[in-house]
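S.K.: Just work-v1.pdb, nothing more (PDB, C-alpha atoms):
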ATOM      1  CA  MET A 264      16.916 -19.834  -6.318
ATOM      2  CA  THR A 265      18.454 -16.404  -5.676
ATOM      3  CA  LYS A 266      17.278 -15.155  -9.072
ATOM      4  CA  LEU A 267      13.762 -16.402  -8.351
ATOM      5  CA  ILE A 268      13.735 -14.548  -5.018
ATOM      6  CA  ARG A 269      14.799 -11.354  -6.789
ATOM      7  CA  LEU A 270      12.207 -11.827  -9.516
ATOM      8  CA  ALA A 271       9.390 -12.662  -7.078
ATOM      9  CA  PRO A 272       8.252  -9.071  -6.316
ATOM     10  CA  HIS A 273       8.197  -8.265 -10.039
ATOM     11  CA  LEU A 274       6.178 -11.384 -10.813
ATOM     12  CA  ILE A 275       3.773 -10.410  -8.026
ATOM     13  CA  GLY A 276       3.641  -6.836  -9.335
ATOM     14  CA  TRP A 277       2.903  -7.806 -12.935
ATOM     15  CA  LEU A 278       0.377 -10.523 -12.075
ATOM     16  CA  PRO A 279      -2.583  -8.128 -11.480
ATOM     17  CA  LEU A 280      -1.983  -6.466 -14.861
ATOM     18  CA  ALA A 281      -1.907  -9.893 -16.500
ATOM     19  CA  LEU A 282      -5.240 -10.710 -14.845
ATOM     20  CA  ILE A 283      -6.744  -7.431 -16.043
ATOM     21  CA  ILE A 284      -5.509  -8.038 -19.595
ATOM     22  CA  GLY A 285      -6.877 -11.585 -19.434
ATOM     23  CA  ASP A 286     -10.276 -10.301 -18.317
ATOM     24  CA  THR A 287     -10.225  -7.720 -21.111
ATOM     25  CA  LEU A 288      -9.339 -10.232 -23.820
ATOM     26  CA  GLY A 289     -11.817 -12.735 -22.397
ATOM     27  CA  ASN A 290     -14.618 -10.164 -22.416
ATOM     28  CA  ARG A 291     -15.072 -10.441 -18.639
ATOM     29  CA  LEU A 292     -15.220  -6.739 -17.789
ATOM     30  CA  THR A 293     -18.928  -6.920 -16.782
ATOM     31  CA  VAL A 294     -21.620  -4.563 -18.067
ATOM     32  CA  ASN A 295     -19.716  -1.570 -16.640
ATOM     33  CA  PRO A 296     -16.090  -1.994 -17.776
ATOM     34  CA  ILE A 297     -14.957   1.432 -16.527
ATOM     35  CA  GLN A 298     -16.183   0.730 -13.003
ATOM     36  CA  TYR A 299     -14.690  -2.755 -13.143
ATOM     37  CA  LEU A 300     -11.250  -1.485 -14.181
ATOM     38  CA  THR A 301     -11.362   1.331 -11.630
ATOM     39  CA  GLN A 302     -12.184  -1.015  -8.769
ATOM     40  CA  ARG A 303      -9.742  -3.727  -9.870
ATOM     41  CA  THR A 304      -6.768  -1.383 -10.158
ATOM     42  CA  GLY A 305      -7.658   0.188  -6.801
ATOM     43  CA  TRP A 306      -7.951  -3.175  -5.092
ATOM     44  CA  PHE A 307      -4.648  -4.401  -6.508
ATOM     45  CA  ALA A 308      -2.981  -1.165  -5.337
ATOM     46  CA  LEU A 309      -4.266  -1.797  -1.807
ATOM     47  CA  VAL A 310      -3.219  -5.463  -1.779
ATOM     48  CA  LEU A 311       0.289  -4.618  -2.957
ATOM     49  CA  LEU A 312       0.526  -1.818  -0.406
ATOM     50  CA  LEU A 313      -0.323  -4.272   2.380
ATOM     51  CA  ALA A 314       2.210  -6.714   0.944
ATOM     52  CA  THR A 315       4.805  -3.935   1.130
ATOM     53  CA  LEU A 316       3.984  -3.298   4.784
ATOM     54  CA  ALA A 317       4.195  -7.029   5.542
ATOM     55  CA  CYS A 318       7.853  -7.258   4.517
ATOM     56  CA  THR A 319       9.291  -5.771   7.709
ATOM     57  CA  PRO A 320       7.247  -7.938  10.141
ATOM     58  CA  LEU A 321       8.111 -11.041   8.120
ATOM     59  CA  ASN A 322      11.774 -10.172   8.464
ATOM     60  CA  ARG A 323      11.664  -9.223  12.150
ATOM     61  CA  TRP A 324       9.376 -11.965  13.414
ATOM     62  CA  LEU A 325      10.171 -14.857  11.072
ATOM     63  CA  GLY A 326      13.681 -13.981   9.950
ATOM     64  CA  TRP A 327      12.805 -13.797   6.235
ATOM     65  CA  LYS A 328      15.568 -11.338   5.363
ATOM     66  CA  GLN A 329      15.124 -11.705   1.618
ATOM     67  CA  VAL A 330      11.709 -10.025   1.680
ATOM     68  CA  MET A 331      13.309  -6.731   2.727
ATOM     69  CA  ARG A 332      14.467  -6.387  -0.879
ATOM     70  CA  TRP A 333      10.851  -6.636  -1.956
ATOM     71  CA  ARG A 334       9.623  -3.530  -0.148
ATOM     72  CA  ARG A 335      10.641  -0.926  -2.698
ATOM     73  CA  PRO A 336       9.482  -2.761  -5.865
ATOM     74  CA  LEU A 337       6.186  -3.820  -4.258
ATOM     75  CA  GLY A 338       5.621  -0.267  -3.040
ATOM     76  CA  LEU A 339       6.287   1.135  -6.504
ATOM     77  CA  TYR A 340       3.986  -1.414  -8.125
ATOM     78  CA  SER A 341       1.310  -0.433  -5.605
ATOM     79  CA  PHE A 342       1.782   3.215  -6.569
ATOM     80  CA  ALA A 343       1.625   2.299 -10.261
ATOM     81  CA  TYR A 344      -1.759   0.597  -9.852
ATOM     82  CA  ALA A 345      -2.949   3.506  -7.707
ATOM     83  CA  GLY A 346      -1.890   5.786 -10.563
ATOM     84  CA  MET A 347      -3.856   3.648 -13.046
ATOM     85  CA  HIS A 348      -6.821   3.795 -10.674
ATOM     86  CA  VAL A 349      -6.710   7.596 -10.555
ATOM     87  CA  ALA A 350      -6.065   7.893 -14.306
ATOM     88  CA  ILE A 351      -9.113   5.774 -15.155
ATOM     89  CA  PHE A 352     -11.253   7.760 -12.719
ATOM     90  CA  VAL A 353     -10.077  11.175 -13.930
ATOM     91  CA  GLY A 354      -9.431  10.519 -17.619
ATOM     92  CA  VAL A 355     -11.975   7.866 -18.574
ATOM     93  CA  ASP A 356     -14.813   8.017 -16.070
ATOM     94  CA  TYR A 357     -14.923  11.820 -15.780
ATOM     95  CA  GLY A 358     -13.318  12.689 -19.114
ATOM     96  CA  LEU A 359     -10.844  15.152 -17.564
ATOM     97  CA  ASP A 360     -13.754  17.456 -16.704
ATOM     98  CA  LEU A 361     -12.271  19.408 -13.796
ATOM     99  CA  GLY A 362     -15.635  20.779 -12.694
ATOM    100  CA  LEU A 363     -17.197  17.336 -12.416
ATOM    101  CA  ILE A 364     -14.123  15.951 -10.688
ATOM    102  CA  VAL A 365     -14.096  18.707  -8.054
ATOM    103  CA  GLN A 366     -17.844  18.262  -7.535
ATOM    104  CA  ALA A 367     -17.433  14.493  -7.082
ATOM    105  CA  ILE A 368     -14.599  15.003  -4.589
ATOM    106  CA  GLY A 369     -16.731  17.406  -2.577
ATOM    107  CA  GLU A 370     -19.809  15.178  -2.546
ATOM    108  CA  LYS A 371     -18.437  11.671  -2.028
ATOM    109  CA  ARG A 372     -16.471  10.796   1.075
ATOM    110  CA  TYR A 373     -14.862   7.720  -0.459
ATOM    111  CA  ILE A 374     -13.285   9.896  -3.157
ATOM    112  CA  ILE A 375     -11.931  12.292  -0.509
ATOM    113  CA  ALA A 376     -10.308   9.361   1.331
ATOM    114  CA  GLY A 377      -8.903   8.019  -1.932
ATOM    115  CA  VAL A 378      -7.474  11.379  -2.993
ATOM    116  CA  PHE A 379      -5.666  11.865   0.319
ATOM    117  CA  ALA A 380      -4.351   8.284   0.230
ATOM    118  CA  PHE A 381      -2.931   8.826  -3.257
ATOM    119  CA  LEU A 382      -1.428  12.220  -2.379
ATOM    120  CA  LEU A 383       0.366  10.622   0.573
ATOM    121  CA  LEU A 384       1.794   7.926  -1.686
ATOM    122  CA  VAL A 385       3.261  10.423  -4.172
ATOM    123  CA  PRO A 386       6.144  11.711  -1.979
ATOM    124  CA  LEU A 387       6.763   8.177  -0.698
ATOM    125  CA  ALA A 388       7.214   6.898  -4.259
ATOM    126  CA  ILE A 389       9.429   9.836  -5.226
ATOM    127  CA  THR A 390      11.703   9.406  -2.184
ATOM    128  CA  SER A 391      11.883   5.613  -2.326
ATOM    129  CA  THR A 392      15.401   5.581  -3.781
ATOM    130  CA  THR A 393      18.638   5.125  -1.847
ATOM    131  CA  GLY A 394      19.712   8.609  -2.922
ATOM    132  CA  TRP A 395      16.699  10.214  -1.271
ATOM    133  CA  GLN A 396      17.226   8.084   1.817
ATOM    134  CA  ARG A 397      20.745   9.507   2.127
ATOM    135  CA  ARG A 398      19.562  13.073   1.548
ATOM    136  CA  LEU A 399      16.718  12.941   4.066
ATOM    137  CA  LYS A 400      18.639  10.863   6.654
ATOM    138  CA  HIS A 401      16.487  10.341   9.801
ATOM    139  CA  TRP A 402      13.625  12.295   8.212
ATOM    140  CA  TRP A 403      13.275   9.534   5.610
ATOM    141  CA  ARG A 404      11.922   7.040   8.143
ATOM    142  CA  ARG A 405       9.550   9.619   9.586
ATOM    143  CA  LEU A 406       8.238  10.495   6.144
ATOM    144  CA  HIS A 407       7.723   6.870   5.164
ATOM    145  CA  ARG A 408       5.705   6.144   8.288
ATOM    146  CA  LEU A 409       2.934   8.015   6.458
ATOM    147  CA  VAL A 410       2.442   4.808   4.493
ATOM    148  CA  TYR A 411       0.335   3.485   7.389
ATOM    149  CA  LEU A 412      -1.952   6.519   7.172
ATOM    150  CA  ALA A 413      -2.154   6.091   3.401
ATOM    151  CA  ALA A 414      -3.067   2.422   3.828
ATOM    152  CA  SER A 415      -5.734   3.281   6.424
ATOM    153  CA  LEU A 416      -7.280   5.847   4.081
ATOM    154  CA  ALA A 417      -7.142   3.341   1.224
ATOM    155  CA  VAL A 418      -9.046   0.791   3.328
ATOM    156  CA  LEU A 419     -11.680   3.433   4.188
ATOM    157  CA  HIS A 420     -11.877   4.404   0.520
ATOM    158  CA  TYR A 421     -12.601   0.825  -0.494
ATOM    159  CA  LEU A 422     -15.009   0.249   2.398
ATOM    160  CA  TRP A 423     -17.098   3.324   1.615
ATOM    161  CA  LEU A 424     -17.332   2.713  -2.126
ATOM    162  CA  SER A 425     -17.945  -1.045  -2.106
ATOM    163  CA  LYS A 426     -21.361  -2.649  -1.854
ATOM    164  CA  ASP A 427     -19.732  -5.724  -0.308
ATOM    165  CA  PRO A 428     -17.725  -4.609   2.762
ATOM    166  CA  ARG A 429     -16.103  -7.992   3.389
ATOM    167  CA  PRO A 430     -12.940  -7.446   1.290
ATOM    168  CA  ALA A 431     -12.402  -4.080   2.989
ATOM    169  CA  PHE A 432     -12.828  -5.697   6.414
ATOM    170  CA  VAL A 433     -10.240  -8.339   5.482
ATOM    171  CA  ALA A 434      -7.827  -5.656   4.287
ATOM    172  CA  GLY A 435      -8.486  -3.647   7.448
ATOM    173  CA  GLY A 436      -7.864  -6.701   9.607
ATOM    174  CA  VAL A 437      -4.546  -7.346   7.853
ATOM    175  CA  LEU A 438      -3.545  -3.713   8.338
ATOM    176  CA  ILE A 439      -4.425  -3.819  12.040
ATOM    177  CA  GLY A 440      -2.381  -7.010  12.384
ATOM    178  CA  LEU A 441       0.619  -5.364  10.717
ATOM    179  CA  LEU A 442       0.318  -2.291  12.941
ATOM    180  CA  LEU A 443       0.078  -4.534  16.015
ATOM    181  CA  ALA A 444       3.152  -6.489  14.920
ATOM    182  CA  ARG A 445       5.054  -3.226  14.505
ATOM    183  CA  TRP A 446       3.914  -1.945  17.911
ATOM    184  CA  LEU A 447       4.829  -5.175  19.690
ATOM    185  CA  ARG A 448       8.242  -5.255  18.040
ATOM    186  CA  VAL A 449       8.978  -1.806  19.468
ATOM    187  CA  ARG A 450       7.232  -2.320  22.818
ATOM    188  CA  LEU A 451       8.565  -5.726  23.857
ATOM    189  CA  PRO A 452      12.307  -4.885  23.649
ATOM    190  CA  ARG A 453      11.661  -1.760  25.734
ATOM    191  CA  GLN A 454       9.864  -3.764  28.422
ATOM    192  CA  HIS A 455      12.648  -6.356  28.380
ATOM    193  CA  ALA A 456      15.264  -3.619  28.804
ATOM    194  CA  ARG A 457      13.334  -2.136  31.749
ATOM    195  CA  LEU A 458      13.029  -5.517  33.462
ATOM    196  CA  LYS A 459      16.722  -6.176  32.945
ATOM    197  CA  THR A 460      17.572  -2.786  34.470
ATOM    198  CA  ASP A 461      15.302  -3.426  37.485
ATOM    199  CA  VAL A 462      16.924  -6.814  38.110
ATOM    200  CA  GLU A 463      20.415  -5.379  37.940
TER     201      GLU A 463
END
Show me the file's structure as structure tokens.

M.R.:
Amino acid sequence: MTKLIRLAPHLIGWLPLALIIGDTLGNRLTVNPIQYLTQRTGWFALVLLLATLACTPLNRWLGWKQVMRWRRPLGLYSFAYAGMHVAIFVGVDYGLDLGLIVQAIGEKRYIIAGVFAFLLLVPLAITSTTGWQRRLKHWWRRLHRLVYLAASLAVLHYLWLSKDPRPAFVAGGVLIGLLLARWLRVRLPRQHARLKTDVE
């Protein structure tokens, strides 16, 4: 059971790639395979990012301590799919043409949101190790709070590029719920401490 718990985040992380490979082998990439692969890798990156953010609330509210070990691998898998997403966009869709890429970034707001989301994830992925946590000390937590901004930008990116806004609304609703859970977890103990002080 313990081994399965440890393997779970890796199974979750590899599952989207298995689905993409299955769609490729099964000739299910639609009439525009580049767009399909770009959107699929981006969506999986967002889902895994939200799963990463859900680990702490699940631990604090439900007592699922084992999921705290999932945060780093899920976050890195999310970054990996985000990297695939960017690589397909830059290398395949735009053929590494810097002029076209810069023009697209300047003209399309969803690309701007996506670029900033990815840039925010880069330092978070680099500093995800225990060694960096020791080096940065209290700054590590402050830096990694940027993940919520990255997730918000990722939701906007998907909302603005998608013809069907419903998945983005679902992702946005999950993100709002996670932010609310975080806020309540910080707020409620403070209110309890104030009430206790007033009573004493």

S.K.: Within 10 Å of (-8.4, -2.6, -3.6), only C-alpha atoms: residues as a list in words?

M.R.: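 Using only C-alpha atoms, the matching residues come out as Thr301, Gln302, Arg303, Thr304, Gly305, Trp306, Phe307, Ala308, Leu309, Val310, Leu311, Leu312, Tyr344, Ala345, His348, Ala417, Val418, His420, Tyr421, Leu422, Ser425, Pro430, Ala431 and Ala434 of chain A.
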
S.K.: Record the distance separating atom CA of Val365 of chain A and atom CA of Val349 of chain A, expressed in Å with one decimal.

M.R.: 13.6 Å

S.K.: For the structure shown, which residues end up in the PyMOL selection byres ((chain A and resi 380-392) around 9)? Put them as a PyMOL selection string, please?

M.R.: chain A and resi 335+338-339+342+345-346+349+375-379+393-397+399+403+406-407+409-410+412-417+420

S.K.: Would you save the residues of that selection, restricted to C-alpha atoms, as a PDB file, in the coordinates of the input?

M.R.:
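So the final result, stored in selection-v8.pdb, reads:
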ATOM      1  CA  ARG A 335      10.641  -0.926  -2.698  1.00  0.00           C
ATOM      2  CA  GLY A 338       5.621  -0.267  -3.040  1.00  0.00           C
ATOM      3  CA  LEU A 339       6.287   1.135  -6.504  1.00  0.00           C
ATOM      4  CA  PHE A 342       1.782   3.215  -6.569  1.00  0.00           C
ATOM      5  CA  ALA A 345      -2.949   3.506  -7.707  1.00  0.00           C
ATOM      6  CA  GLY A 346      -1.890   5.786 -10.563  1.00  0.00           C
ATOM      7  CA  VAL A 349      -6.710   7.596 -10.555  1.00  0.00           C
ATOM      8  CA  ILE A 375     -11.931  12.292  -0.509  1.00  0.00           C
ATOM      9  CA  ALA A 376     -10.308   9.361   1.331  1.00  0.00           C
ATOM     10  CA  GLY A 377      -8.903   8.019  -1.932  1.00  0.00           C
ATOM     11  CA  VAL A 378      -7.474  11.379  -2.993  1.00  0.00           C
ATOM     12  CA  PHE A 379      -5.666  11.865   0.319  1.00  0.00           C
ATOM     13  CA  THR A 393      18.638   5.125  -1.847  1.00  0.00           C
ATOM     14  CA  GLY A 394      19.712   8.609  -2.922  1.00  0.00           C
ATOM     15  CA  TRP A 395      16.699  10.214  -1.271  1.00  0.00           C
ATOM     16  CA  GLN A 396      17.226   8.084   1.817  1.00  0.00           C
ATOM     17  CA  ARG A 397      20.745   9.507   2.127  1.00  0.00           C
ATOM     18  CA  LEU A 399      16.718  12.941   4.066  1.00  0.00           C
ATOM     19  CA  TRP A 403      13.275   9.534   5.610  1.00  0.00           C
ATOM     20  CA  LEU A 406       8.238  10.495   6.144  1.00  0.00           C
ATOM     21  CA  HIS A 407       7.723   6.870   5.164  1.00  0.00           C
ATOM     22  CA  LEU A 409       2.934   8.015   6.458  1.00  0.00           C
ATOM     23  CA  VAL A 410       2.442   4.808   4.493  1.00  0.00           C
ATOM     24  CA  LEU A 412      -1.952   6.519   7.172  1.00  0.00           C
ATOM     25  CA  ALA A 413      -2.154   6.091   3.401  1.00  0.00           C
ATOM     26  CA  ALA A 414      -3.067   2.422   3.828  1.00  0.00           C
ATOM     27  CA  SER A 415      -5.734   3.281   6.424  1.00  0.00           C
ATOM     28  CA  LEU A 416      -7.280   5.847   4.081  1.00  0.00           C
ATOM     29  CA  ALA A 417      -7.142   3.341   1.224  1.00  0.00           C
ATOM     30  CA  HIS A 420     -11.877   4.404   0.520  1.00  0.00           C
TER      31      HIS A 420
END

S.K.: Would you kindly translate the PyMOL selection byres ((chain A and resi 277) around 12) into the concrete residues it picks from this file, as a list in words?

M.R.: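 When the PyMOL selection byres ((chain A and resi 277) around 12) is applied, the selected residues are Leu270, Ala271, Pro272, His273, Leu274, Ile275, Gly276, Leu278, Pro279, Leu280, Ala281, Leu282, Ile283, Ile284, Thr304, Phe307, Ala308, Leu311, Pro336, Leu337, Leu339, Tyr340, Ser341, Ala343 and Tyr344 of chain A.
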
S.K.: Pick out the residues sitting within 12 Å of Ile364 of chain A, and hand them over as an mmCIF file with C-alpha atoms, keeping the file's coordinate frame; count only C-alpha atoms, and ignore anything fewer than 2 positions along from it in its own chain.

M.R.:
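out_25.cif, written as the output of this step:
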data_model
loop_
_atom_site.group_PDB
_atom_site.id
_atom_site.type_symbol
_atom_site.label_atom_id
_atom_site.label_comp_id
_atom_site.auth_asym_id
_atom_site.auth_seq_id
_atom_site.Cartn_x
_atom_site.Cartn_y
_atom_site.Cartn_z
ATOM 1 C CA VAL A 349 -6.710 7.596 -10.555
ATOM 2 C CA ALA A 350 -6.065 7.893 -14.306
ATOM 3 C CA PHE A 352 -11.253 7.760 -12.719
ATOM 4 C CA VAL A 353 -10.077 11.175 -13.930
ATOM 5 C CA GLY A 354 -9.431 10.519 -17.619
ATOM 6 C CA VAL A 355 -11.975 7.866 -18.574
ATOM 7 C CA ASP A 356 -14.813 8.017 -16.070
ATOM 8 C CA TYR A 357 -14.923 11.820 -15.780
ATOM 9 C CA GLY A 358 -13.318 12.689 -19.114
ATOM 10 C CA LEU A 359 -10.844 15.152 -17.564
ATOM 11 C CA ASP A 360 -13.754 17.456 -16.704
ATOM 12 C CA LEU A 361 -12.271 19.408 -13.796
ATOM 13 C CA GLY A 362 -15.635 20.779 -12.694
ATOM 14 C CA GLN A 366 -17.844 18.262 -7.535
ATOM 15 C CA ALA A 367 -17.433 14.493 -7.082
ATOM 16 C CA ILE A 368 -14.599 15.003 -4.589
ATOM 17 C CA GLY A 369 -16.731 17.406 -2.577
ATOM 18 C CA GLU A 370 -19.809 15.178 -2.546
ATOM 19 C CA LYS A 371 -18.437 11.671 -2.028
ATOM 20 C CA ILE A 374 -13.285 9.896 -3.157
ATOM 21 C CA ILE A 375 -11.931 12.292 -0.509
ATOM 22 C CA VAL A 378 -7.474 11.379 -2.993
#

S.K.: With all atoms listed in the file as the atoms that count, which of A:Met347, A:Pro320, A:Pro428, A:Leu419 lies nearest to Leu442 of chain A?

M.R.: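 Nearest candidate to Leu442 of chain A out of A:Met347, A:Pro320, A:Pro428, A:Leu419: A:Pro320.
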
S.K.: In Å, rounded to a single decimal, give me how far atom CA of Leu325 of chain A is from atom CA of Arg269 of chain A.

M.R.: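 About the pair atom CA of Arg269 of chain A and atom CA of Leu325 of chain A: they are 18.8 Å apart.
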
S.K.: Of the candidates A:Arg323, A:Arg334, A:Arg405, A:Lys328, which one gets nearest to Leu447 of chain A if we count all atoms listed in the file?

M.R.: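 When distances to Leu447 of chain A are compared using all atoms listed in the file, the smallest one comes from A:Arg323.
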
S.K.: Grab the atom CA of Ile297 of chain A to atom CA of Gly285 of chain A distance for me, in Å with one decimal place.

M.R.: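 The value is 15.6 Å.
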
S.K.: Please supply segment 361-392 of chain A, rebuilt with N, CA and C atoms, as a short mmCIF file (atom, residue, chain, number, x, y, z; two decimals), in the frame of the given file.

M.R.:
data_model
loop_
_atom_site.label_atom_id
_atom_site.label_comp_id
_atom_site.auth_asym_id
_atom_site.auth_seq_id
_atom_site.Cartn_x
_atom_site.Cartn_y
_atom_site.Cartn_z
N LEU A 361 -12.70 18.97 -15.12
CA LEU A 361 -12.27 19.41 -13.80
C LEU A 361 -13.44 19.78 -12.90
N GLY A 362 -14.46 20.39 -13.47
CA GLY A 362 -15.64 20.78 -12.69
C GLY A 362 -16.34 19.58 -12.09
N LEU A 363 -16.54 18.55 -12.91
CA LEU A 363 -17.20 17.34 -12.42
C LEU A 363 -16.34 16.61 -11.39
N ILE A 364 -15.03 16.63 -11.62
CA ILE A 364 -14.12 15.95 -10.69
C ILE A 364 -14.15 16.62 -9.32
N VAL A 365 -14.06 17.96 -9.31
CA VAL A 365 -14.10 18.71 -8.05
C VAL A 365 -15.43 18.50 -7.35
N GLN A 366 -16.51 18.49 -8.12
CA GLN A 366 -17.84 18.26 -7.54
C GLN A 366 -17.93 16.87 -6.90
N ALA A 367 -17.40 15.87 -7.61
CA ALA A 367 -17.43 14.49 -7.08
C ALA A 367 -16.61 14.38 -5.81
N ILE A 368 -15.45 15.05 -5.79
CA ILE A 368 -14.60 15.00 -4.59
C ILE A 368 -15.32 15.63 -3.40
N GLY A 369 -16.03 16.72 -3.66
CA GLY A 369 -16.73 17.41 -2.58
C GLY A 369 -17.94 16.67 -2.06
N GLU A 370 -18.55 15.83 -2.91
CA GLU A 370 -19.81 15.18 -2.55
C GLU A 370 -19.64 13.76 -2.01
N LYS A 371 -18.58 13.09 -2.36
CA LYS A 371 -18.44 11.67 -2.03
C LYS A 371 -17.24 11.45 -1.11
N ARG A 372 -17.53 10.95 0.08
CA ARG A 372 -16.47 10.80 1.08
C ARG A 372 -15.43 9.76 0.67
N TYR A 373 -15.83 8.74 -0.08
CA TYR A 373 -14.86 7.72 -0.46
C TYR A 373 -13.83 8.29 -1.43
N ILE A 374 -14.24 9.27 -2.24
CA ILE A 374 -13.28 9.90 -3.16
C ILE A 374 -12.30 10.77 -2.37
N ILE A 375 -12.81 11.47 -1.36
CA ILE A 375 -11.93 12.29 -0.51
C ILE A 375 -10.85 11.42 0.13
N ALA A 376 -11.27 10.28 0.70
CA ALA A 376 -10.31 9.36 1.33
C ALA A 376 -9.30 8.85 0.31
N GLY A 377 -9.79 8.52 -0.89
CA GLY A 377 -8.90 8.02 -1.93
C GLY A 377 -7.91 9.06 -2.41
N VAL A 378 -8.36 10.30 -2.55
CA VAL A 378 -7.47 11.38 -2.99
C VAL A 378 -6.34 11.60 -1.99
N PHE A 379 -6.69 11.66 -0.70
CA PHE A 379 -5.67 11.86 0.32
C PHE A 379 -4.70 10.68 0.39
N ALA A 380 -5.23 9.46 0.23
CA ALA A 380 -4.35 8.28 0.23
C ALA A 380 -3.35 8.37 -0.92
N PHE A 381 -3.82 8.73 -2.09
CA PHE A 381 -2.93 8.83 -3.26
C PHE A 381 -1.91 9.95 -3.09
N LEU A 382 -2.35 11.10 -2.58
CA LEU A 382 -1.43 12.22 -2.38
C LEU A 382 -0.33 11.87 -1.39
N LEU A 383 -0.65 11.06 -0.39
CA LEU A 383 0.37 10.62 0.57
C LEU A 383 1.37 9.67 -0.07
N LEU A 384 0.90 8.89 -1.04
CA LEU A 384 1.79 7.93 -1.69
C LEU A 384 2.77 8.59 -2.65
N VAL A 385 2.40 9.75 -3.18
CA VAL A 385 3.26 10.42 -4.17
C VAL A 385 4.65 10.73 -3.62
N PRO A 386 4.79 11.45 -2.49
CA PRO A 386 6.14 11.71 -1.98
C PRO A 386 6.87 10.44 -1.54
N LEU A 387 6.12 9.43 -1.11
CA LEU A 387 6.76 8.18 -0.70
C LEU A 387 7.38 7.47 -1.90
N ALA A 388 6.68 7.51 -3.04
CA ALA A 388 7.21 6.90 -4.26
C ALA A 388 8.42 7.67 -4.78
N ILE A 389 8.33 9.01 -4.74
CA ILE A 389 9.43 9.84 -5.23
C ILE A 389 10.70 9.63 -4.40
N THR A 390 10.54 9.51 -3.08
CA THR A 390 11.70 9.41 -2.18
C THR A 390 12.06 7.97 -1.83
N SER A 391 11.64 7.03 -2.65
CA SER A 391 11.88 5.61 -2.33
C SER A 391 13.30 5.16 -2.66
N THR A 392 14.06 5.98 -3.36
CA THR A 392 15.40 5.58 -3.78
C THR A 392 16.42 5.73 -2.65
#
